[in-house]
file query.pdb (PDB, C-alpha atoms)
ATOM      1  CA  MET X 235      38.677  -7.196  -0.619
ATOM      2  CA  ASN X 236      36.852  -9.788  -2.649
ATOM      3  CA  ALA X 237      33.805  -9.806  -0.387
ATOM      4  CA  LEU X 238      33.297  -6.184  -1.428
ATOM      5  CA  SER X 239      33.183  -6.913  -5.134
ATOM      6  CA  ILE X 240      30.827  -9.840  -4.552
ATOM      7  CA  THR X 241      28.491  -7.556  -2.568
ATOM      8  CA  GLY X 242      28.723  -5.066  -5.414
ATOM      9  CA  GLU X 243      27.817  -7.693  -7.954
ATOM     10  CA  VAL X 244      24.845  -8.840  -5.880
ATOM     11  CA  LEU X 245      23.642  -5.225  -5.554
ATOM     12  CA  VAL X 246      23.911  -4.675  -9.309
ATOM     13  CA  PHE X 247      21.961  -7.875  -9.839
ATOM     14  CA  ILE X 248      19.210  -6.778  -7.422
ATOM     15  CA  GLY X 249      19.084  -3.380  -9.119
ATOM     16  CA  THR X 250      18.718  -4.985 -12.536
ATOM     17  CA  PHE X 251      15.950  -7.193 -11.199
ATOM     18  CA  PHE X 252      14.039  -4.119 -10.019
ATOM     19  CA  TYR X 253      14.586  -2.477 -13.412
ATOM     20  CA  PHE X 254      12.999  -5.562 -14.926
ATOM     21  CA  LEU X 255      10.070  -5.410 -12.502
ATOM     22  CA  SER X 256       9.361  -1.778 -13.279
ATOM     23  CA  THR X 257       9.428  -2.470 -17.009
ATOM     24  CA  LEU X 258       6.991  -5.298 -16.422
ATOM     25  CA  GLY X 259       4.836  -2.944 -14.380
ATOM     26  CA  LEU X 260       4.933  -0.403 -17.185
ATOM     27  CA  ILE X 261       3.272  -2.989 -19.420
ATOM     28  CA  ARG X 262       0.889  -4.476 -16.900
ATOM     29  CA  MET X 263      -0.516  -1.387 -15.200
ATOM     30  CA  PRO X 264      -3.752   0.038 -16.559
ATOM     31  CA  ASP X 265      -3.257   3.819 -16.618
ATOM     32  CA  VAL X 266      -0.564   6.472 -16.650
ATOM     33  CA  TYR X 267      -0.729   7.052 -12.886
ATOM     34  CA  ASN X 268      -0.116   3.445 -11.956
ATOM     35  CA  ARG X 269       2.606   3.176 -14.563
ATOM     36  CA  MET X 270       4.339   6.113 -12.909
ATOM     37  CA  GLN X 271       4.133   4.225  -9.635
ATOM     38  CA  THR X 272       6.078   1.284 -10.974
ATOM     39  CA  SER X 273       8.595   3.414 -12.822
ATOM     40  CA  THR X 274       9.555   5.404  -9.735
ATOM     41  CA  LYS X 275      10.513   2.068  -8.280
ATOM     42  CA  SER X 276      13.169   1.538 -10.928
ATOM     43  CA  ALA X 277      14.633   4.938 -10.183
ATOM     44  CA  THR X 278      14.922   4.226  -6.475
ATOM     45  CA  LEU X 279      15.953   0.692  -5.641
ATOM     46  CA  GLY X 280      17.041  -0.152  -9.187
ATOM     47  CA  SER X 281      19.395   2.767  -9.762
ATOM     48  CA  LEU X 282      20.499   2.808  -6.144
ATOM     49  CA  GLY X 283      21.494  -0.851  -6.350
ATOM     50  CA  VAL X 284      23.320  -0.475  -9.653
ATOM     51  CA  ILE X 285      25.138   2.749  -8.736
ATOM     52  CA  ILE X 286      26.234   1.772  -5.229
ATOM     53  CA  GLY X 287      26.960  -1.749  -6.451
ATOM     54  CA  THR X 288      29.306  -0.400  -9.098
ATOM     55  CA  GLY X 289      31.108   1.647  -6.467
ATOM     56  CA  LEU X 290      31.557  -1.323  -4.138
ATOM     57  CA  TRP X 291      32.650  -3.562  -6.975
ATOM     58  CA  ALA X 292      35.276  -1.067  -8.134
ATOM     59  CA  VAL X 293      36.702  -0.679  -4.633
ATOM     60  CA  GLY X 294      36.768  -4.461  -4.238
ATOM     61  CA  LYS X 295      38.643  -4.798  -7.521
ATOM     62  CA  GLY X 296      41.368  -2.500  -6.245
ATOM     63  CA  TYR X 297      40.385   0.819  -7.773
ATOM     64  CA  SER X 298      40.642   3.898  -5.580
ATOM     65  CA  PRO X 299      38.182   4.296  -2.669
ATOM     66  CA  ALA X 300      37.047   7.504  -4.351
ATOM     67  CA  TRP X 301      34.744   5.298  -6.399
ATOM     68  CA  ILE X 302      32.408   4.556  -3.517
ATOM     69  CA  VAL X 303      32.311   8.166  -2.283
ATOM     70  CA  GLN X 304      31.534   9.461  -5.752
ATOM     71  CA  THR X 305      28.902   6.853  -6.524
ATOM     72  CA  VAL X 306      27.184   7.692  -3.243
ATOM     73  CA  ILE X 307      27.154  11.357  -4.291
ATOM     74  CA  VAL X 308      25.678  10.425  -7.672
ATOM     75  CA  ALA X 309      23.005   8.347  -5.944
ATOM     76  CA  THR X 310      22.201  11.206  -3.551
ATOM     77  CA  PHE X 311      21.688  13.694  -6.358
ATOM     78  CA  LEU X 312      19.566  11.172  -8.192
ATOM     79  CA  LEU X 313      17.404  10.682  -5.097
ATOM     80  CA  LEU X 314      17.044  14.451  -4.695
ATOM     81  CA  THR X 315      16.034  15.201  -8.271
ATOM     82  CA  ASN X 316      14.128  12.131  -9.419
ATOM     83  CA  PRO X 317      10.953  12.685  -7.360
ATOM     84  CA  ILE X 318      10.622  16.223  -8.697
ATOM     85  CA  SER X 319      10.387  14.991 -12.274
ATOM     86  CA  ALA X 320       8.003  12.212 -11.236
ATOM     87  CA  HIS X 321       5.798  14.732  -9.469
ATOM     88  CA  THR X 322       5.863  17.121 -12.433
ATOM     89  CA  LEU X 323       4.977  14.365 -14.888
ATOM     90  CA  ILE X 324       2.052  13.039 -12.879
ATOM     91  CA  ARG X 325       0.744  16.530 -12.200
ATOM     92  CA  ALA X 326       0.961  17.419 -15.894
ATOM     93  CA  ALA X 327      -0.857  14.198 -16.740
ATOM     94  CA  TYR X 328      -3.626  15.095 -14.324
ATOM     95  CA  LYS X 329      -3.894  18.720 -15.415
ATOM     96  CA  THR X 330      -4.169  17.785 -19.092
ATOM     97  CA  GLY X 331      -7.144  15.643 -18.207
ATOM     98  CA  ILE X 332      -5.869  12.110 -18.699
ATOM     99  CA  PRO X 333      -8.571   9.986 -17.060
ATOM    100  CA  MET X 334      -7.856   7.650 -14.191
ATOM    101  CA  TRP X 335      -8.365   3.935 -14.568
ATOM    102  CA  ALA X 336     -11.973   2.824 -14.144
ATOM    103  CA  GLY X 337     -11.026   0.792 -11.073
ATOM    104  CA  SER X 338      -9.772   3.838  -9.161
ATOM    105  CA  VAL X 339     -11.645   4.227  -5.934
ATOM    106  CA  VAL X 340     -11.273   7.825  -4.843
ATOM    107  CA  ASP X 341     -10.226  11.201  -6.254
ATOM    108  CA  LYS X 342      -9.933  13.831  -3.561
ATOM    109  CA  TYR X 343      -7.925  16.144  -5.790
ATOM    110  CA  ASP X 344     -10.818  16.566  -8.184
ATOM    111  CA  GLU X 345     -13.132  17.452  -5.283
ATOM    112  CA  HIS X 346     -10.553  19.891  -3.986
ATOM    113  CA  LEU X 347     -10.124  21.641  -7.343
ATOM    114  CA  LYS X 348     -13.864  21.932  -7.847
ATOM    115  CA  ALA X 349     -14.422  23.330  -4.368
ATOM    116  CA  LYS X 350     -11.629  25.809  -4.929
ATOM    117  CA  ALA X 351     -12.917  26.939  -8.324
ATOM    118  CA  GLN X 352     -16.365  27.438  -6.830
ATOM    119  CA  ALA X 353     -15.053  29.416  -3.890
ATOM    120  CA  GLU X 354     -12.986  31.745  -6.059
ATOM    121  CA  GLU X 355     -15.136  33.243  -8.787
ATOM    122  CA  PRO X 356     -18.371  31.641  -9.904
ATOM    123  CA  GLU X 357     -18.806  33.964 -12.892
ATOM    124  CA  GLU X 358     -15.582  33.110 -14.683
ATOM    125  CA  GLU X 359     -16.324  29.748 -16.220
ATOM    126  CA  GLY X 360     -14.989  28.083 -19.334
ATOM    127  CA  ASP X 361     -11.428  28.792 -18.273
ATOM    128  CA  GLU X 362     -10.928  25.641 -16.312
ATOM    129  CA  GLU X 363     -11.808  22.567 -18.239
TER
ATOM    130  CA  MET S 185      11.334  31.260  12.249
ATOM    131  CA  GLY S 186      12.666  34.498  10.820
ATOM    132  CA  GLU S 187      15.535  34.832   8.443
ATOM    133  CA  ALA S 188      19.000  34.287   9.804
ATOM    134  CA  SER S 189      21.704  36.890   9.384
ATOM    135  CA  LYS S 190      23.462  37.197   6.041
ATOM    136  CA  LEU S 191      26.774  36.038   7.484
ATOM    137  CA  SER S 192      25.306  32.874   8.933
ATOM    138  CA  ARG S 193      23.528  32.054   5.686
ATOM    139  CA  TYR S 194      26.730  32.699   3.741
ATOM    140  CA  LEU S 195      28.832  30.517   6.036
ATOM    141  CA  TYR S 196      26.294  27.713   5.865
ATOM    142  CA  THR S 197      26.392  27.776   2.056
ATOM    143  CA  VAL S 198      30.193  27.725   2.092
ATOM    144  CA  ILE S 199      30.234  24.717   4.421
ATOM    145  CA  VAL S 200      27.740  22.737   2.350
ATOM    146  CA  LEU S 201      29.510  23.509  -0.922
ATOM    147  CA  PHE S 202      32.875  22.609   0.558
ATOM    148  CA  VAL S 203      31.621  19.275   1.890
ATOM    149  CA  ILE S 204      30.186  18.443  -1.536
ATOM    150  CA  TRP S 205      33.505  19.422  -3.101
ATOM    151  CA  ILE S 206      35.438  17.130  -0.767
ATOM    152  CA  MET S 207      33.134  14.234  -1.547
ATOM    153  CA  LEU S 208      33.215  14.833  -5.299
ATOM    154  CA  THR S 209      36.985  14.995  -5.485
ATOM    155  CA  ALA S 210      37.321  12.342  -2.766
ATOM    156  CA  SER S 211      40.849  13.432  -1.952
ATOM    157  CA  LEU S 212      42.473  15.306   0.913
ATOM    158  CA  ASP S 213      45.284  16.700  -1.198
ATOM    159  CA  PRO S 214      46.031  20.239   0.117
ATOM    160  CA  GLN S 215      45.979  21.706  -3.365
ATOM    161  CA  GLU S 216      42.524  20.305  -4.064
ATOM    162  CA  LEU S 217      41.235  21.482  -0.698
ATOM    163  CA  GLU S 218      42.615  24.991  -1.194
ATOM    164  CA  PHE S 219      41.084  25.406  -4.600
ATOM    165  CA  GLY S 220      37.777  23.906  -3.470
ATOM    166  CA  PHE S 221      37.657  26.247  -0.502
ATOM    167  CA  ILE S 222      38.260  29.306  -2.666
ATOM    168  CA  ALA S 223      35.672  28.137  -5.188
ATOM    169  CA  SER S 224      33.139  27.574  -2.377
ATOM    170  CA  LEU S 225      33.776  31.070  -1.023
ATOM    171  CA  ILE S 226      33.186  32.661  -4.419
ATOM    172  CA  ILE S 227      30.162  30.575  -5.439
ATOM    173  CA  ALA S 228      28.505  30.943  -2.046
ATOM    174  CA  ALA S 229      28.696  34.725  -2.369
ATOM    175  CA  PHE S 230      26.445  34.525  -5.412
ATOM    176  CA  THR S 231      24.125  31.733  -4.393
ATOM    177  CA  TYR S 232      23.460  32.067  -0.663
ATOM    178  CA  PRO S 233      20.307  34.206  -1.024
ATOM    179  CA  ILE S 234      18.474  31.419  -2.842
ATOM    180  CA  PHE S 235      20.224  28.527  -1.107
ATOM    181  CA  THR S 236      19.066  28.941   2.475
ATOM    182  CA  THR S 237      16.992  31.093   4.756
ATOM    183  CA  ALA S 238      17.834  29.401   8.049
ATOM    184  CA  GLY S 239      21.618  29.651   7.857
ATOM    185  CA  LEU S 240      23.879  27.984  10.374
ATOM    186  CA  SER S 241      20.987  26.893  12.588
ATOM    187  CA  ASN S 242      20.583  24.032  10.091
ATOM    188  CA  LEU S 243      23.761  22.542  11.513
ATOM    189  CA  HIS S 244      22.400  22.198  15.027
ATOM    190  CA  PRO S 245      23.710  18.815  16.325
ATOM    191  CA  LYS S 246      20.217  17.529  16.984
ATOM    192  CA  LYS S 247      19.135  18.290  13.425
ATOM    193  CA  VAL S 248      22.236  16.669  11.979
ATOM    194  CA  ALA S 249      21.737  13.585  14.165
ATOM    195  CA  TYR S 250      18.119  13.253  13.028
ATOM    196  CA  ALA S 251      19.135  13.769   9.409
ATOM    197  CA  ILE S 252      21.679  10.962   9.681
ATOM    198  CA  ALA S 253      19.169   8.704  11.442
ATOM    199  CA  TYR S 254      16.637   9.494   8.735
ATOM    200  CA  ILE S 255      18.791   7.915   5.994
ATOM    201  CA  PRO S 256      18.605   4.253   7.109
ATOM    202  CA  TYR S 257      15.007   4.733   8.260
ATOM    203  CA  PHE S 258      14.015   6.081   4.864
ATOM    204  CA  LEU S 259      15.976   3.443   2.954
ATOM    205  CA  TRP S 260      14.244   0.726   4.950
ATOM    206  CA  ALA S 261      10.801   2.215   4.275
ATOM    207  CA  MET S 262      11.724   2.428   0.606
ATOM    208  CA  ILE S 263      12.814  -1.216   0.405
ATOM    209  CA  VAL S 264       9.612  -2.416   2.107
ATOM    210  CA  ALA S 265       7.477  -0.354  -0.251
ATOM    211  CA  ASN S 266       9.490  -1.581  -3.232
ATOM    212  CA  LEU S 267       8.794  -5.195  -2.301
ATOM    213  CA  ASP S 268       5.123  -4.356  -1.856
ATOM    214  CA  VAL S 269       4.847  -2.843  -5.331
ATOM    215  CA  ALA S 270       6.918  -5.688  -6.784
ATOM    216  CA  TYR S 271       4.367  -8.101  -5.344
ATOM    217  CA  ARG S 272       1.532  -6.157  -6.988
ATOM    218  CA  VAL S 273       3.300  -6.179 -10.339
ATOM    219  CA  LEU S 274       4.094  -9.893 -10.267
ATOM    220  CA  HIS S 275       0.782 -11.132  -8.851
ATOM    221  CA  PRO S 276      -1.309 -12.653 -11.680
ATOM    222  CA  LYS S 277      -4.452 -10.853 -10.522
ATOM    223  CA  ARG S 278      -2.680  -7.481 -10.304
ATOM    224  CA  PRO S 279      -4.101  -6.456  -6.912
ATOM    225  CA  ILE S 280      -4.205  -2.678  -7.227
ATOM    226  CA  ARG S 281      -6.837  -0.253  -5.993
ATOM    227  CA  PRO S 282      -5.545   3.193  -6.916
ATOM    228  CA  GLY S 283      -6.936   6.520  -5.867
ATOM    229  CA  ILE S 284      -5.946  10.058  -5.023
ATOM    230  CA  VAL S 285      -6.112  10.652  -1.291
ATOM    231  CA  LYS S 286      -5.769  13.740   0.823
ATOM    232  CA  CYS S 287      -3.251  13.987   3.649
ATOM    233  CA  ARG S 288      -2.498  16.714   6.114
ATOM    234  CA  THR S 289       0.957  17.566   7.385
ATOM    235  CA  VAL S 290       2.257  19.192  10.535
ATOM    236  CA  LEU S 291       5.330  20.603   8.787
ATOM    237  CA  ARG S 292       5.459  24.376   8.466
ATOM    238  CA  THR S 293       8.515  25.319   6.430
ATOM    239  CA  ASP S 294       8.742  25.092   2.643
ATOM    240  CA  THR S 295      11.911  23.001   2.779
ATOM    241  CA  GLY S 296      10.206  20.569   5.119
ATOM    242  CA  LYS S 297       7.199  20.269   2.828
ATOM    243  CA  LEU S 298       9.461  19.766  -0.170
ATOM    244  CA  SER S 299      11.412  16.993   1.484
ATOM    245  CA  LEU S 300       8.225  15.331   2.672
ATOM    246  CA  ALA S 301       6.789  15.456  -0.854
ATOM    247  CA  ASN S 302      10.048  14.034  -2.211
ATOM    248  CA  SER S 303      10.090  11.264   0.369
ATOM    249  CA  ILE S 304       6.501  10.347  -0.475
ATOM    250  CA  THR S 305       7.252  10.249  -4.191
ATOM    251  CA  LEU S 306      10.428   8.220  -3.730
ATOM    252  CA  THR S 307       8.517   5.593  -1.803
ATOM    253  CA  PRO S 308       6.985   3.349  -4.438
ATOM    254  CA  GLY S 309       3.228   3.139  -4.304
ATOM    255  CA  THR S 310       2.698   6.800  -3.514
ATOM    256  CA  ILE S 311       3.299   9.877  -5.679
ATOM    257  CA  THR S 312       2.628  13.421  -4.581
ATOM    258  CA  LEU S 313       0.289  15.011  -7.092
ATOM    259  CA  ASP S 314       0.005  18.448  -5.575
ATOM    260  CA  VAL S 315       0.567  20.364  -2.371
ATOM    261  CA  ASP S 316      -1.766  23.131  -1.303
ATOM    262  CA  GLY S 317      -1.014  24.748   2.022
ATOM    263  CA  ASP S 318      -0.808  21.864   4.476
ATOM    264  CA  GLU S 319      -2.810  19.504   2.273
ATOM    265  CA  TYR S 320      -1.103  16.819   0.221
ATOM    266  CA  PHE S 321      -2.809  15.076  -2.673
ATOM    267  CA  VAL S 322      -1.200  11.720  -3.132
ATOM    268  CA  HIS S 323      -1.794   9.060  -5.760
ATOM    269  CA  TRP S 324      -1.817   5.785  -3.863
ATOM    270  CA  ILE S 325      -1.651   2.403  -5.516
ATOM    271  CA  TRP S 326      -3.547   0.587  -2.774
ATOM    272  CA  VAL S 327      -6.105   2.642  -0.867
ATOM    273  CA  PRO S 328      -7.079   0.622   2.231
ATOM    274  CA  ASP S 329     -10.690   0.062   3.234
ATOM    275  CA  GLU S 330     -10.472   2.390   6.238
ATOM    276  CA  ALA S 331      -9.672   5.345   3.989
ATOM    277  CA  LEU S 332     -12.779   4.790   1.886
ATOM    278  CA  THR S 333     -15.192   6.514   4.218
ATOM    279  CA  ASP S 334     -17.443   9.389   3.265
ATOM    280  CA  ASN S 335     -16.339  11.160   6.407
ATOM    281  CA  GLU S 336     -13.741  13.684   5.262
ATOM    282  CA  GLU S 337     -11.911  13.957   8.591
ATOM    283  CA  GLU S 338     -11.707  10.210   9.007
ATOM    284  CA  HIS S 339     -10.307   9.850   5.500
ATOM    285  CA  VAL S 340      -7.633  12.487   6.057
ATOM    286  CA  LYS S 341      -6.702  10.911   9.385
ATOM    287  CA  VAL S 342      -6.268   7.415   7.987
ATOM    288  CA  SER S 343      -4.313   8.455   4.921
ATOM    289  CA  SER S 344      -2.086  10.823   6.880
ATOM    290  CA  ALA S 345      -1.324   8.079   9.396
ATOM    291  CA  ASN S 346      -0.266   5.811   6.527
ATOM    292  CA  ILE S 347       1.601   8.212   4.261
ATOM    293  CA  THR S 348       2.885  11.336   5.980
ATOM    294  CA  LYS S 349       3.184  10.322   9.657
ATOM    295  CA  PRO S 350       6.115   7.904   9.284
ATOM    296  CA  PHE S 351       8.349  10.593   7.775
ATOM    297  CA  GLU S 352       7.100  13.539   9.755
ATOM    298  CA  LYS S 353       8.634  12.661  13.104
ATOM    299  CA  PHE S 354      12.085  13.009  11.545
ATOM    300  CA  LEU S 355      11.416  15.861   9.144
ATOM    301  CA  LYS S 356       9.721  17.880  11.886
ATOM    302  CA  VAL S 357      13.000  18.032  13.791
ATOM    303  CA  ILE S 358      15.214  18.494  10.733
ATOM    304  CA  PHE S 359      13.253  21.206   8.948
ATOM    305  CA  GLY S 360      10.527  22.279  11.338
TER
END

call {"tool": "encode", "arguments": {"input": "query.pdb", "output": "structure tokens"}}
result
Amino acid sequence: MNALSITGEVLVFIGTFFYFLSTLGLIRMPDVYNRMQTSTKSATLGSLGVIIGTGLWAVGKGYSPAWIVQTVIVATFLLLTNPISAHTLIRAAYKTGIPMWAGSVVDKYDEHLKAKAQAEEPEEEGDEE
Amino acid sequence: MGEASKLSRYLYTVIVLFVIWIMLTASLDPQELEFGFIASLIIAAFTYPIFTTAGLSNLHPKKVAYAIAYIPYFLWAMIVANLDVAYRVLHPKRPIRPGIVKCRTVLRTDTGKLSLANSITLTPGTITLDVDGDEYFVHWIWVPDEALTDNEEEHVKVSSANITKPFEKFLKVIFG
């Protein structure tokens, strides 16, 4: 049983390390888009490690096996909902006109939006940015 | 794929809700099961129209097998990408070359597109910015040289091969 709690502890440690990395990335990255990139990392491997690790640790310590099943469920719901908020945030950032970092190499979305606006109605200008 | 019959959609919702109930309570006590089953029956009656359009055909053994195989595959892809982004964060020179690229998908259903967009966002280094029809606009932390061509088709091909292709072979079977 003890091997389980040790695995759990290691997983929690790894998760915390990835939390640390994403915080570091939040400081080091140049613009909002790249900061989002590093913060999604904390939500995936970081939270996954901590949540599942807690479940394993609890089972190893002699709590009921329900712990691992329930932590897996929590992790699953987190994985299902987290990307939606990340996507919404980055899309809102783009739509409100936050510029990309000067070192960005390509922006196909901008081209796409412009082409679309042109194709739709050339007379109605001023509405979109 | 047209809409499945109401009964099949209802039954599918009941099954999914009941499985979630069992996992949340994590007990096989008959009393718990009974109550959970009744609750699933009632809740499914209200929610099945927005929950599913495909109904029981979602539980086809092949789809379930692919869905189960997708979990370790996806986790592995996520860990690799995590280490890649970790390297970029820790490297003193901060080797990033971000950009928004365009990908094309072969998935047809809305659920499939949603899960592909979620998978892309969950993988560090790529975030789905917008989906329009079969075109994905993805913010990518390291755009490789091959994707930096002026040729539109070439660009879409390279970025799709890197971002959407790895997930599509599973999601195509699961969601169509």

call {"tool": "residues_around", "arguments": {"input": "query.pdb", "residues": "S:Val327", "least_positions_apart": "4", "cutoff": "9 Å", "atoms": "only C-alpha atoms", "output": "PyMOL selection string"}}
result
(chain X and resi 339-340) or (chain S and resi 280-285+331-332+343)

call {"tool": "interface_residues", "arguments": {"input": "query.pdb", "of": "chain X", "to": "chain S", "cutoff": "7 Å", "atoms": "all atoms listed in the file", "output": "PDB file with C-alpha atoms, in the frame of the given file"}}
result
ATOM      1  CA  LEU X 255      10.070  -5.410 -12.502  1.00  0.00           C
ATOM      2  CA  GLY X 259       4.836  -2.944 -14.380  1.00  0.00           C
ATOM      3  CA  ASN X 268      -0.116   3.445 -11.956  1.00  0.00           C
ATOM      4  CA  GLN X 271       4.133   4.225  -9.635  1.00  0.00           C
ATOM      5  CA  THR X 272       6.078   1.284 -10.974  1.00  0.00           C
ATOM      6  CA  THR X 274       9.555   5.404  -9.735  1.00  0.00           C
ATOM      7  CA  LYS X 275      10.513   2.068  -8.280  1.00  0.00           C
ATOM      8  CA  THR X 278      14.922   4.226  -6.475  1.00  0.00           C
ATOM      9  CA  ALA X 300      37.047   7.504  -4.351  1.00  0.00           C
ATOM     10  CA  VAL X 303      32.311   8.166  -2.283  1.00  0.00           C
ATOM     11  CA  GLN X 304      31.534   9.461  -5.752  1.00  0.00           C
ATOM     12  CA  PRO X 317      10.953  12.685  -7.360  1.00  0.00           C
ATOM     13  CA  ILE X 318      10.622  16.223  -8.697  1.00  0.00           C
ATOM     14  CA  HIS X 321       5.798  14.732  -9.469  1.00  0.00           C
ATOM     15  CA  ILE X 324       2.052  13.039 -12.879  1.00  0.00           C
ATOM     16  CA  ARG X 325       0.744  16.530 -12.200  1.00  0.00           C
ATOM     17  CA  GLY X 337     -11.026   0.792 -11.073  1.00  0.00           C
ATOM     18  CA  SER X 338      -9.772   3.838  -9.161  1.00  0.00           C
ATOM     19  CA  VAL X 339     -11.645   4.227  -5.934  1.00  0.00           C
ATOM     20  CA  VAL X 340     -11.273   7.825  -4.843  1.00  0.00           C
ATOM     21  CA  ASP X 341     -10.226  11.201  -6.254  1.00  0.00           C
ATOM     22  CA  LYS X 342      -9.933  13.831  -3.561  1.00  0.00           C
ATOM     23  CA  TYR X 343      -7.925  16.144  -5.790  1.00  0.00           C
TER      24      TYR X 343
END

call {"tool": "residues_around", "arguments": {"input": "query.pdb", "residues": "S:Phe221", "least_positions_apart": "3", "cutoff": "10 Å", "atoms": "only C-alpha atoms", "output": "PyMOL selection string"}}
result
chain S and resi 198-199+201-203+205-206+215-218+224-227

call {"tool": "resolve_selection", "arguments": {"input": "query.pdb", "expression": "the PyMOL selection byres ((chain S and resi 186-195) around 8)", "output": "VMD selection string"}}
result
chain S and resid 185 196 to 199 228 to 229 232 to 233 236 to 240

call {"tool": "write_last_selection", "arguments": {"input": "query.pdb", "atoms": "C-alpha atoms", "output": "compact mmCIF listing (two decimals), in the frame of the given file"}}
result
# COMPACT_ATOMS: atom_id res chain seq x y z
CA MET S 185 11.33 31.26 12.25
CA TYR S 196 26.29 27.71 5.86
CA THR S 197 26.39 27.78 2.06
CA VAL S 198 30.19 27.72 2.09
CA ILE S 199 30.23 24.72 4.42
CA ALA S 228 28.50 30.94 -2.05
CA ALA S 229 28.70 34.72 -2.37
CA TYR S 232 23.46 32.07 -0.66
CA PRO S 233 20.31 34.21 -1.02
CA THR S 236 19.07 28.94 2.48
CA THR S 237 16.99 31.09 4.76
CA ALA S 238 17.83 29.40 8.05
CA GLY S 239 21.62 29.65 7.86
CA LEU S 240 23.88 27.98 10.37

call {"tool": "atom_distance", "arguments": {"input": "query.pdb", "atom1": "atom CA of X:Glu354", "atom2": "atom CA of S:Thr289"}}
result
24.0 Å

call {"tool": "closest_atom_pairs", "arguments": {"input": "query.pdb", "of": "stretch 257-324 of chain X", "to": "stretch 238-247 of chain X", "cutoff": "9 Å", "atoms": "all atoms listed in the file", "output": "tab-separated table"}}
result
residue	atom	partner	partner_atom	distance
X:Gly280	CA	X:Val246	CA	8.2
X:Ser281	CA	X:Val246	CA	8.7
X:Leu282	CA	X:Leu245	CA	8.6
X:Gly283	CA	X:Leu245	CA	4.9
X:Val284	CA	X:Val246	CA	4.3
X:Ile285	CA	X:Val246	CA	7.5
X:Ile286	CA	X:Gly242	CA	7.3
X:Gly287	CA	X:Gly242	CA	3.9
X:Thr288	CA	X:Gly242	CA	6.0
X:Gly289	CA	X:Gly242	CA	7.2
X:Leu290	CA	X:Gly242	CA	4.9
X:Trp291	CA	X:Ser239	CA	3.9
X:Ala292	CA	X:Ser239	CA	6.9
X:Val293	CA	X:Ser239	CA	7.2
X:Gly294	CA	X:Ser239	CA	4.4
X:Lys295	CA	X:Ser239	CA	6.3

call {"tool": "write_last_selection", "arguments": {"input": "query.pdb", "atoms": "C-alpha atoms", "output": "short mmCIF file (atom, residue, chain, number, x, y, z; two decimals), in the frame of the given file"}}
result
data_model
loop_
_atom_site.label_atom_id
_atom_site.label_comp_id
_atom_site.auth_asym_id
_atom_site.auth_seq_id
_atom_site.Cartn_x
_atom_site.Cartn_y
_atom_site.Cartn_z
CA GLY X 280 17.04 -0.15 -9.19
CA SER X 281 19.40 2.77 -9.76
CA LEU X 282 20.50 2.81 -6.14
CA GLY X 283 21.49 -0.85 -6.35
CA VAL X 284 23.32 -0.48 -9.65
CA ILE X 285 25.14 2.75 -8.74
CA ILE X 286 26.23 1.77 -5.23
CA GLY X 287 26.96 -1.75 -6.45
CA THR X 288 29.31 -0.40 -9.10
CA GLY X 289 31.11 1.65 -6.47
CA LEU X 290 31.56 -1.32 -4.14
CA TRP X 291 32.65 -3.56 -6.98
CA ALA X 292 35.28 -1.07 -8.13
CA VAL X 293 36.70 -0.68 -4.63
CA GLY X 294 36.77 -4.46 -4.24
CA LYS X 295 38.64 -4.80 -7.52
#

call {"tool": "atom_distance", "arguments": {"input": "query.pdb", "atom1": "atom CA of X:Lys348", "atom2": "atom CA of X:Met263"}}
result
27.9 Å
